[in-house]
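First the structure, in the form of structure tokens, and then the observations on it.
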Amino acid sequence: MGFTMNVCVVFVLTCLISTSGRVRVGHLNGTTYYVTTVPRPFNLTEANDICKEYGGYLWEADNDAELRFVSTSVNRIYYRDHFYIGANDVENEGTFVYFNSGKPMLPNRWTRNNPSNSGDNEDCVELISYSRAFNDVPCQLDLCFVCEREYY
Ligand SMILES: [Ca+2]
Ligand SMILES: [Ca+2]
């Protein structure tokens, strides 16, 4: 009986993840965070639309508590540690803003020697979860991304 139950639970979870293409990573202060499960080149509009299908938008870290929570949560439940977030400097090189709100990105939370704009081609931003910090990267890397949804 216990064994059968476990198999069912695992099966249901697998189905949910494979059909929706996302994993819920946690919930903090009225917001739920998700990561996608299939790494792919990043298109901000397209990715934000995918987050909208989940009722949210691309993740915008508003403060250190949120950055810490999301980093720790993805480390705990997921085997990837690099994720695109909803920030970019496409419009104005070196000025990073959030895609959905247009607000300035959380300042001074870069990994060492970043933002570097290496190869003059780093206009998207990844979270490096074990560093709890960001790095500017090309938008064409195969990465999953983080969505957030305000919880009702
Ligand atoms: Ca750049
Ligand atoms: Ca960089």
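Letters A, B, ... mark the chains of the structure tokens in the order given; residue numbers begin at 1 per chain; ligand numbers begin at 1, in order shown.
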Margin query: Could you list the protein, DNA and RNA residues that have any atom within 9 Å of ligand 2, counting only C-alpha atoms and all ligand atoms, and write them as JSON, numbers by chain?
Written below: {"A": [110, 111, 113, 114, 115, 116, 117, 118, 122, 123, 125, 126, 134, 135, 136, 137, 138]}
Those same residues - C-alpha atoms - I'd like them written as a PDB file, in the first residue's frame.
ATOM      1  CA  TRP A 110      27.357  41.003  -9.088  1.00  0.00           C
ATOM      2  CA  THR A 111      29.854  38.180  -9.007  1.00  0.00           C
ATOM      3  CA  ASN A 113      34.574  41.291 -12.123  1.00  0.00           C
ATOM      4  CA  ASN A 114      31.026  41.625 -13.392  1.00  0.00           C
ATOM      5  CA  PRO A 115      29.186  43.090 -15.168  1.00  0.00           C
ATOM      6  CA  SER A 116      31.893  42.537 -17.790  1.00  0.00           C
ATOM      7  CA  ASN A 117      29.995  42.761 -21.102  1.00  0.00           C
ATOM      8  CA  SER A 118      32.529  40.233 -22.397  1.00  0.00           C
ATOM      9  CA  GLU A 122      26.487  40.264 -22.511  1.00  0.00           C
ATOM     10  CA  ASP A 123      23.113  41.969 -22.241  1.00  0.00           C
ATOM     11  CA  VAL A 125      21.700  38.366 -16.631  1.00  0.00           C
ATOM     12  CA  GLU A 126      22.064  35.036 -14.884  1.00  0.00           C
ATOM     13  CA  PHE A 134      24.503  37.857 -10.725  1.00  0.00           C
ATOM     14  CA  ASN A 135      26.599  37.785 -13.872  1.00  0.00           C
ATOM     15  CA  ASP A 136      25.911  39.462 -17.197  1.00  0.00           C
ATOM     16  CA  VAL A 137      25.922  36.853 -19.958  1.00  0.00           C
ATOM     17  CA  PRO A 138      25.002  36.493 -23.632  1.00  0.00           C
TER      18      PRO A 138
END
Notebook entry, point to check: DSSP on the backbone: what in chain A comes out alpha helix (DSSP H), as an MDAnalysis selection string?
Noted result: chainID A and resid 2:20 44:53 64:77
Check: Hey, what's within 10 Å of Cys144 of chain A if we count only C-alpha atoms and toss same-chain stuff fewer than 3 positions away? As a PyMOL selection string, please?
Finding: chain A and resi 22+35-42+47+80-85+126+141
Next item on the list: Find the residues near segment 92-107 of chain A: any atom within 9 Å, counting only C-alpha atoms, skip ones fewer than 2 places away on the same chain, and give them as JSON, numbers by chain.
Entry: {"A": [44, 45, 48, 57, 58, 59, 60, 61, 62, 63, 64, 85, 86, 87, 88, 89, 90, 109, 110, 115, 116, 117, 123, 124, 125]}
Next item on the list: Determine the nearest neighbour of Ser129 of chain A from the options A:Arg112, A:Glu150, A:Asp142, A:Tyr79, counting only C-alpha atoms.
Entry: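 Residue with the minimum atom-to-atom distance to Ser129 of chain A: A:Tyr79.
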Margin query: Can you pull out the residues contacting Ile77 of chain A? Cut-off 12 Å, using only C-alpha atoms, and skip same-chain residues under 3 positions away; I want them as a PyMOL selection string.
Written below: chain A and resi 23-26+34-35+70-74+80-81+129
Note to self: Nearest residue to ligand 1 out of A:Ala133, A:Ala65, A:Cys139, A:Leu28, using only C-alpha atoms and all ligand atoms?
What the structure shows: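 Closest to ligand 1, using only C-alpha atoms and all ligand atoms: A:Cys139.
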Note to self: When you count only C-alpha atoms and all ligand atoms, which of these residues is closest to ligand 1: A:Gln140, A:Asn108, A:Asn43, A:Asn121?
What the structure shows: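 Checking each candidate against ligand 1, we get A:Asn121 as the closest.
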Next item on the list: Please measure the separation of atom CA of Gly55 of chain A and atom CA of Tyr33 of chain A, giving the value in Å to one decimal.
Entry: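 Atom CA of Tyr33 of chain A lies at a distance of 11.2 Å from atom CA of Gly55 of chain A.
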Next item on the list: Identify all residues of segment 42-149 of chain A in strand (DSSP E or B) (DSSP on the backbone) and supply them as a ChimeraX atom specification.
Entry: /A:57-58,82-88,97-98,104,110,124-128,133-137,143-149
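Closest approach to ligand 1 among A:Glu66, A:Glu53, A:Glu91, A:Glu46: A:Glu91, based on only C-alpha atoms and all ligand atoms.
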Next item on the list: Provide the atom CA of Glu148 of chain A to atom CA of Arg68 of chain A distance in Å, to one decimal place.
Entry: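 A separation of 14.5 Å between them.
Nearest residue to ligand 1 among A:Gly119, A:Lys52, A:Tyr130, A:Phe145 is A:Gly119, counting only C-alpha atoms and all ligand atoms.
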Note to self: With distances taken over only C-alpha atoms and all ligand atoms, which residue among A:Arg149, A:Cys51, A:Thr32, A:Asp120 lies nearest ligand 1?
What the structure shows: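 Using only C-alpha atoms and all ligand atoms, ligand 1 sits closest to A:Asp120.
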Check: Rounded to one decimal in Å, what is the spacing between atom CA of Cys147 of chain A and atom CA of His27 of chain A?
Finding: 11.8 Å
